[in-house]
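Here the structure comes first, spelled out in structure tokens, and everything after it is commentary.
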Amino acid sequence: MTDYRSPIADIGVQLHHGVGLSEILGLDAFADIDLETVDALVAEAGRFFEEVVAPLNRGSDVEGAVLAADGTVTVSPGFMEAYQQTVAAGWTAIGAPVEYGGGGFPSVVSIAIQDLLATACLSFSLCPLLTGGSIDALLAFGSEQQREVYLPKLVTGEWSGTMNLTEPEAGSDVGALTARAEPNDDGSWRVTGQKIFITYGDHEMTDNIVHLVLARTPDSPPGTKGISLFLVPKFLVNDDGSLGERNDVRVVSLEHKMGIHGSPTAVMAYGDDGGATGWLIGEEHAGMRAMFVMMNNARLSVGLEGVSMGERAYQQAKAFAHERRQGRAVGAEPGASSPIVDHADVQRMLLDMASSIAAMRGLCYRTAAASDQAEAGTTEDDRAAGEALTGLLTPLAKAWCTDTGCELTSIGLQIHGGMGYIEETGAAQHYRDARISPIYEGTNGIQAIDLVGRKLSMADGAVVRGHLASIAATADRCEGSDTLAVAVPHLRAALNAVTEATDFLLAADMADRLPGAAPYLEMLAVTTAGSMLAETALGAEQADDPAAEEQAVLARFFAVNRVARAPGNLAAVSGLGPELAAGRTTVLS
């Protein structure tokens, strides 16, 4: 089954009623953009990706990227043509600064476009995703010359970018990397070493590929403090901007993966013939600062992959449930064979998928809106508040949305029954594609550690407490709504539990925080997403939007089905430590 429709209406509801797009567009930085323009942009992006990119999704799973004997990487059939059309239409430049050829739209609009692209074909979308991270890093830390030479081409998508962190012995422990960079007399550096798991490490869709590479310089201190970031292009760039000779960087192999086959995941060798030429980005030994700019934005985009894969799986499962007839539903005529959508358990699974997708989309979009506030807020206090909220929400969006995306694609398989297990159906692809996202850009366990280790302590806990207060205010507003009152007791119970868990963690030392980090992230994310669903439903109701009734159904179902379970994590937050210690000396010894 390949029928797919861009979720334009659902995205519009979120933009208008969930994140307050009109308020964001009221900021000076976006004064030239209005709601009608954004609505038209989203509608056209939905049409474009539905027609040009979505048809490639199934084929890219069957025929993935290939490395030829001469070192050339060939992408899946149709990718080259679709990428050229995407670049020509300007879709890769929506959120980039106008001075470098971008559209200058808010981050929350860029996220909406990413949502549409990743849902159409995840493996195709990963190329512009990593390029966006390269743009962010150069904007924040690149020299004026680096920005002038590389940003215009990266923004248009004529060139693509990669992120090179991981090595065979340095995965999550980035400080263990061994790649080296030696200074040259002309100000450049000679980079040597091997990197693995490099998404779109090589391909023929762009004229050049800009690799951002973490490496150690001579006499650098151990650990992450000794890491620097280097710009290493596939082709050197001449003074007039034209492409010069091929740099000393090549693909050793492409990984054979369980999913996202259309995305070439490369093992990269730097300096096999003497050294790849690179240039320092930012200050020496400050590479992690620059890389984290790239990674933090990528983490939100990866969180959005959970939304996208859930959406794609839901659409297919819903269509199948209407077509597939099996058994007789309660109330059906004797002898009738009912479509499985009439069975209560299938309805439960589909509503779980639909409400969770809406909740995840709300969390990701709200995180993007907070980053817009951080970037373009009217006052310094507004910008600081936006930055703090972005920091708090990013690990929630990345970890919970990708975990839930895996769960939803699995539910989609379940709805298909035995047919979901058959590859020709296409349902299994969504699960296999989604499974990488909880690992990408810092595993979800690392997101939980970041949350309890760094983000809870921001402003001595004032940031998280302010966020919990906003959830309480949402619950208060829901009490005045006939359509949402059912959600209130579940939202309040979850809020009380997560508040108690927060108090425990803020008072605990790090050894007592870490065992319950993952359960805490889940309960905070679910409670946050539930309140955002309710906010969106309230906004639609107050605006007399025809979608208000559907939004209320989603908010109520999510509250009853998922928010109601959040308090169950409280015991794990405070009580797992002793059990882990006991298990380490018995079961795990």
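By convention here, the chains of the structure tokens are called A, B, ... in the order presented, each chain's residues are numbered starting at 1, and ligands are numbered starting at 1 in the order presented.
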* **Contacts of Met294 of chain A at 7 Å (only C-alpha atoms; same-chain gap of 4+ positions) as a list in words** => Gly133, Ser134, Asp136, Ala137, Ala290 and Ala298 of chain A
Any chance you can output those residues with C-alpha atoms as a PDB file, in the first residue's frame?
ATOM      1  CA  GLY A 133      23.138  21.364  11.029  1.00  0.00           C
ATOM      2  CA  SER A 134      26.244  22.396   9.094  1.00  0.00           C
ATOM      3  CA  ASP A 136      23.865  26.284  12.050  1.00  0.00           C
ATOM      4  CA  ALA A 137      27.438  25.481  13.097  1.00  0.00           C
ATOM      5  CA  ALA A 290      30.447  24.231  17.861  1.00  0.00           C
ATOM      6  CA  ALA A 298      19.540  18.015  14.846  1.00  0.00           C
TER       7      ALA A 298
END
Closest-contact table, segment 420-535 of chain A side, partner segment 261-280 of chain A, 10 Å, counting only C-alpha atoms, as a Markdown table:
| residue | atom | partner | partner_atom | distance |
| --- | --- | --- | --- | --- |
| A:Gln429 | CA | A:His261 | CA | 9.8 |
| A:Arg432 | CA | A:His261 | CA | 9.7 |
| A:Asp433 | CA | A:His261 | CA | 8.3 |
Could you please take those selected residues and save C-alpha atoms as a PDB file, in the first residue's frame?
ATOM      1  CA  GLN A 429       9.552  -0.568   6.445  1.00  0.00           C
ATOM      2  CA  ARG A 432      12.644  -0.574  10.462  1.00  0.00           C
ATOM      3  CA  ASP A 433      13.178   3.045   9.400  1.00  0.00           C
TER       4      ASP A 433
END
* Asked: Any idea what's packed within 9 Å of segment 551-562 of chain A, counting only C-alpha atoms, ignoring anything in its chain fewer than 6 positions away? Could you give it as JSON, numbers by chain?
  -> {"A": [13, 351, 352, 354, 355, 356, 358, 359, 483, 484, 485, 486, 487, 488, 489, 490, 491, 526, 527, 530, 531, 532, 533, 534, 535, 536, 537, 538, 540, 541]}
* **Residue contacts of Leu505 of chain A (12 Å, only C-alpha atoms) excluding same-chain residues fewer than 3 positions away, as JSON, numbers by chain** => {"A": [449, 451, 452, 453, 454, 455, 456, 457, 461, 464, 498, 499, 500, 501, 502, 508, 509, 510, 511, 512, 513, 514, 515, 516, 517, 519, 520, 521, 570, 572, 573, 574, 575]}
* To do: Identify, on the basis of only C-alpha atoms, every residue whose closest approach to segment 394-398 of chain A does not exceed 6 Å; exclude the query and any residue fewer than 2 positions from it along the same chain; express the result as a list in words.
  =>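 The filter keeps Arg299, Leu300, Gly303, Cys364, Thr390, Gly391, Leu392, Trp400, Cys401, Gln447 and Ala525 of chain A.
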* Skip Gly132 of chain A itself and residues of its chain fewer than 4 positions away, then list as JSON, numbers by chain all residues within 12 Å of it, counting only C-alpha atoms. => {"A": [91, 92, 93, 94, 95, 96, 97, 102, 107, 110, 111, 114, 125, 126, 127, 128, 136, 137, 138, 139, 151, 153, 154, 155, 156, 157, 159, 160, 161, 162, 163, 210, 293, 294, 295, 296, 297, 298, 299, 300, 301]}
Go ahead and save the picked residues with N, CA and C atoms, as a tab-separated table (two decimals), in the first residue's frame.
chain	number	residue	atom	x	y	z
A	91	TRP	N	13.12	24.48	-1.19
A	91	TRP	CA	12.62	23.91	0.07
A	91	TRP	C	13.72	23.70	1.11
A	92	THR	N	14.97	23.62	0.69
A	92	THR	CA	16.04	23.43	1.66
A	92	THR	C	16.45	24.74	2.34
A	93	ALA	N	15.93	25.86	1.89
A	93	ALA	CA	16.41	27.17	2.36
A	93	ALA	C	15.39	27.93	3.21
A	94	ILE	N	14.28	27.30	3.56
A	94	ILE	CA	13.17	28.01	4.19
A	94	ILE	C	13.57	28.79	5.43
A	95	GLY	N	14.31	28.17	6.34
A	95	GLY	CA	14.60	28.81	7.61
A	95	GLY	C	15.94	29.50	7.69
A	96	ALA	N	16.74	29.43	6.63
A	96	ALA	CA	18.08	30.01	6.67
A	96	ALA	C	18.02	31.53	6.54
A	97	PRO	N	19.06	32.24	6.99
A	97	PRO	CA	19.07	33.71	6.92
A	97	PRO	C	18.96	34.22	5.49
A	102	GLY	N	18.53	32.41	2.12
A	102	GLY	CA	17.45	31.67	2.74
A	102	GLY	C	16.15	32.43	2.76
A	107	SER	N	11.79	29.15	12.95
A	107	SER	CA	12.14	27.74	13.10
A	107	SER	C	10.91	26.85	13.10
A	110	SER	N	10.04	26.08	9.64
A	110	SER	CA	11.00	25.12	9.10
A	110	SER	C	10.69	23.71	9.58
A	111	ILE	N	10.32	23.59	10.84
A	111	ILE	CA	9.98	22.28	11.39
A	111	ILE	C	8.76	21.70	10.69
A	114	GLN	N	10.02	20.36	7.46
A	114	GLN	CA	10.74	19.11	7.73
A	114	GLN	C	9.77	17.96	8.01
A	125	SER	N	15.09	12.61	3.39
A	125	SER	CA	15.12	13.84	4.18
A	125	SER	C	16.39	14.02	4.98
A	126	LEU	N	17.14	12.94	5.20
A	126	LEU	CA	18.31	13.03	6.05
A	126	LEU	C	19.43	13.87	5.45
A	127	CYS	N	19.49	13.97	4.14
A	127	CYS	CA	20.52	14.79	3.51
A	127	CYS	C	20.33	16.27	3.85
A	128	PRO	N	19.19	16.88	3.58
A	128	PRO	CA	19.01	18.28	3.98
A	128	PRO	C	19.02	18.48	5.49
A	136	ASP	N	23.96	25.74	10.69
A	136	ASP	CA	23.87	26.28	12.05
A	136	ASP	C	25.25	26.44	12.67
A	137	ALA	N	26.10	25.42	12.51
A	137	ALA	CA	27.44	25.48	13.10
A	137	ALA	C	28.27	26.60	12.49
A	138	LEU	N	28.20	26.78	11.18
A	138	LEU	CA	28.97	27.84	10.53
A	138	LEU	C	28.43	29.22	10.88
A	139	LEU	N	27.12	29.33	11.00
A	139	LEU	CA	26.54	30.62	11.42
A	139	LEU	C	27.03	31.01	12.80
A	151	LEU	N	28.30	29.06	3.03
A	151	LEU	CA	26.88	29.15	3.39
A	151	LEU	C	25.94	29.33	2.20
A	153	LYS	N	26.04	28.18	-0.78
A	153	LYS	CA	25.86	26.91	-1.47
A	153	LYS	C	25.15	25.88	-0.59
A	154	LEU	N	25.44	25.91	0.72
A	154	LEU	CA	24.77	24.99	1.63
A	154	LEU	C	23.30	25.37	1.79
A	155	VAL	N	23.02	26.66	1.86
A	155	VAL	CA	21.65	27.13	2.04
A	155	VAL	C	20.78	26.73	0.84
A	156	THR	N	21.31	26.91	-0.36
A	156	THR	CA	20.51	26.55	-1.53
A	156	THR	C	20.38	25.04	-1.68
A	157	GLY	N	21.31	24.29	-1.06
A	157	GLY	CA	21.31	22.85	-1.24
A	157	GLY	C	22.17	22.38	-2.40
A	159	TRP	N	25.32	22.39	-2.35
A	159	TRP	CA	26.27	21.57	-1.62
A	159	TRP	C	25.55	21.00	-0.40
A	160	SER	N	26.01	19.86	0.08
A	160	SER	CA	25.42	19.27	1.28
A	160	SER	C	26.47	19.22	2.39
A	161	GLY	N	26.03	18.94	3.61
A	161	GLY	CA	26.93	18.91	4.75
A	161	GLY	C	26.77	17.63	5.55
A	162	THR	N	27.82	17.27	6.28
A	162	THR	CA	27.78	16.08	7.13
A	162	THR	C	28.33	16.42	8.52
A	163	MET	N	28.08	15.53	9.44
A	163	MET	CA	28.59	15.63	10.81
A	163	MET	C	29.44	14.40	11.08
A	210	VAL	N	30.40	19.18	2.33
A	210	VAL	CA	31.18	19.88	3.35
A	210	VAL	C	31.13	19.04	4.63
A	293	VAL	N	25.99	22.98	18.81
A	293	VAL	CA	25.03	23.81	18.08
A	293	VAL	C	24.38	22.97	16.99
A	294	MET	N	25.23	22.24	16.29
A	294	MET	CA	24.74	21.37	15.22
A	294	MET	C	23.88	20.24	15.78
A	295	MET	N	24.33	19.63	16.86
A	295	MET	CA	23.63	18.47	17.41
A	295	MET	C	22.30	18.84	18.04
A	296	ASN	N	22.25	19.95	18.77
A	296	ASN	CA	21.00	20.30	19.46
A	296	ASN	C	19.87	20.56	18.48
A	297	ASN	N	20.18	21.26	17.38
A	297	ASN	CA	19.15	21.47	16.37
A	297	ASN	C	18.79	20.16	15.68
A	298	ALA	N	19.81	19.31	15.47
A	298	ALA	CA	19.54	18.01	14.85
A	298	ALA	C	18.69	17.14	15.76
A	299	ARG	N	18.86	17.28	17.08
A	299	ARG	CA	18.09	16.47	18.01
A	299	ARG	C	16.60	16.75	17.89
A	300	LEU	N	16.24	18.01	17.70
A	300	LEU	CA	14.83	18.31	17.50
A	300	LEU	C	14.34	17.71	16.18
A	301	SER	N	15.16	17.82	15.15
A	301	SER	CA	14.77	17.26	13.85
A	301	SER	C	14.62	15.75	13.93
* Contacts of Pro567 of chain A at 9 Å (only C-alpha atoms; same-chain gap of 6+ positions) as a PyMOL selection string -> chain A and resi 493-498+523
* Asked: Tell me, which residues of segment 220-466 of chain A carry DSSP strand (DSSP E or B), written as a ChimeraX atom specification?
  -> /A:227-233,235-237,243-246,249-254,265-270,276-281,325,339
Contacts of segment 102-189 of chain A with segment 46-64 of chain A up to 7 Å, shortest pair per row, only C-alpha atoms, as a tab-separated table:
residue	atom	partner	partner_atom	distance
A:Leu116	CA	A:Gly46	CA	6.1
A:Leu117	CA	A:Phe49	CA	6.0
A:Ala120	CA	A:Ala54	CA	4.2
A:Cys121	CA	A:Asn57	CA	4.9
* Asked: If you measure from atom CA of Glu158 of chain A to atom CA of Pro77 of chain A, what distance in Å do you get, rounded to one decimal?
  -> 19.3 Å
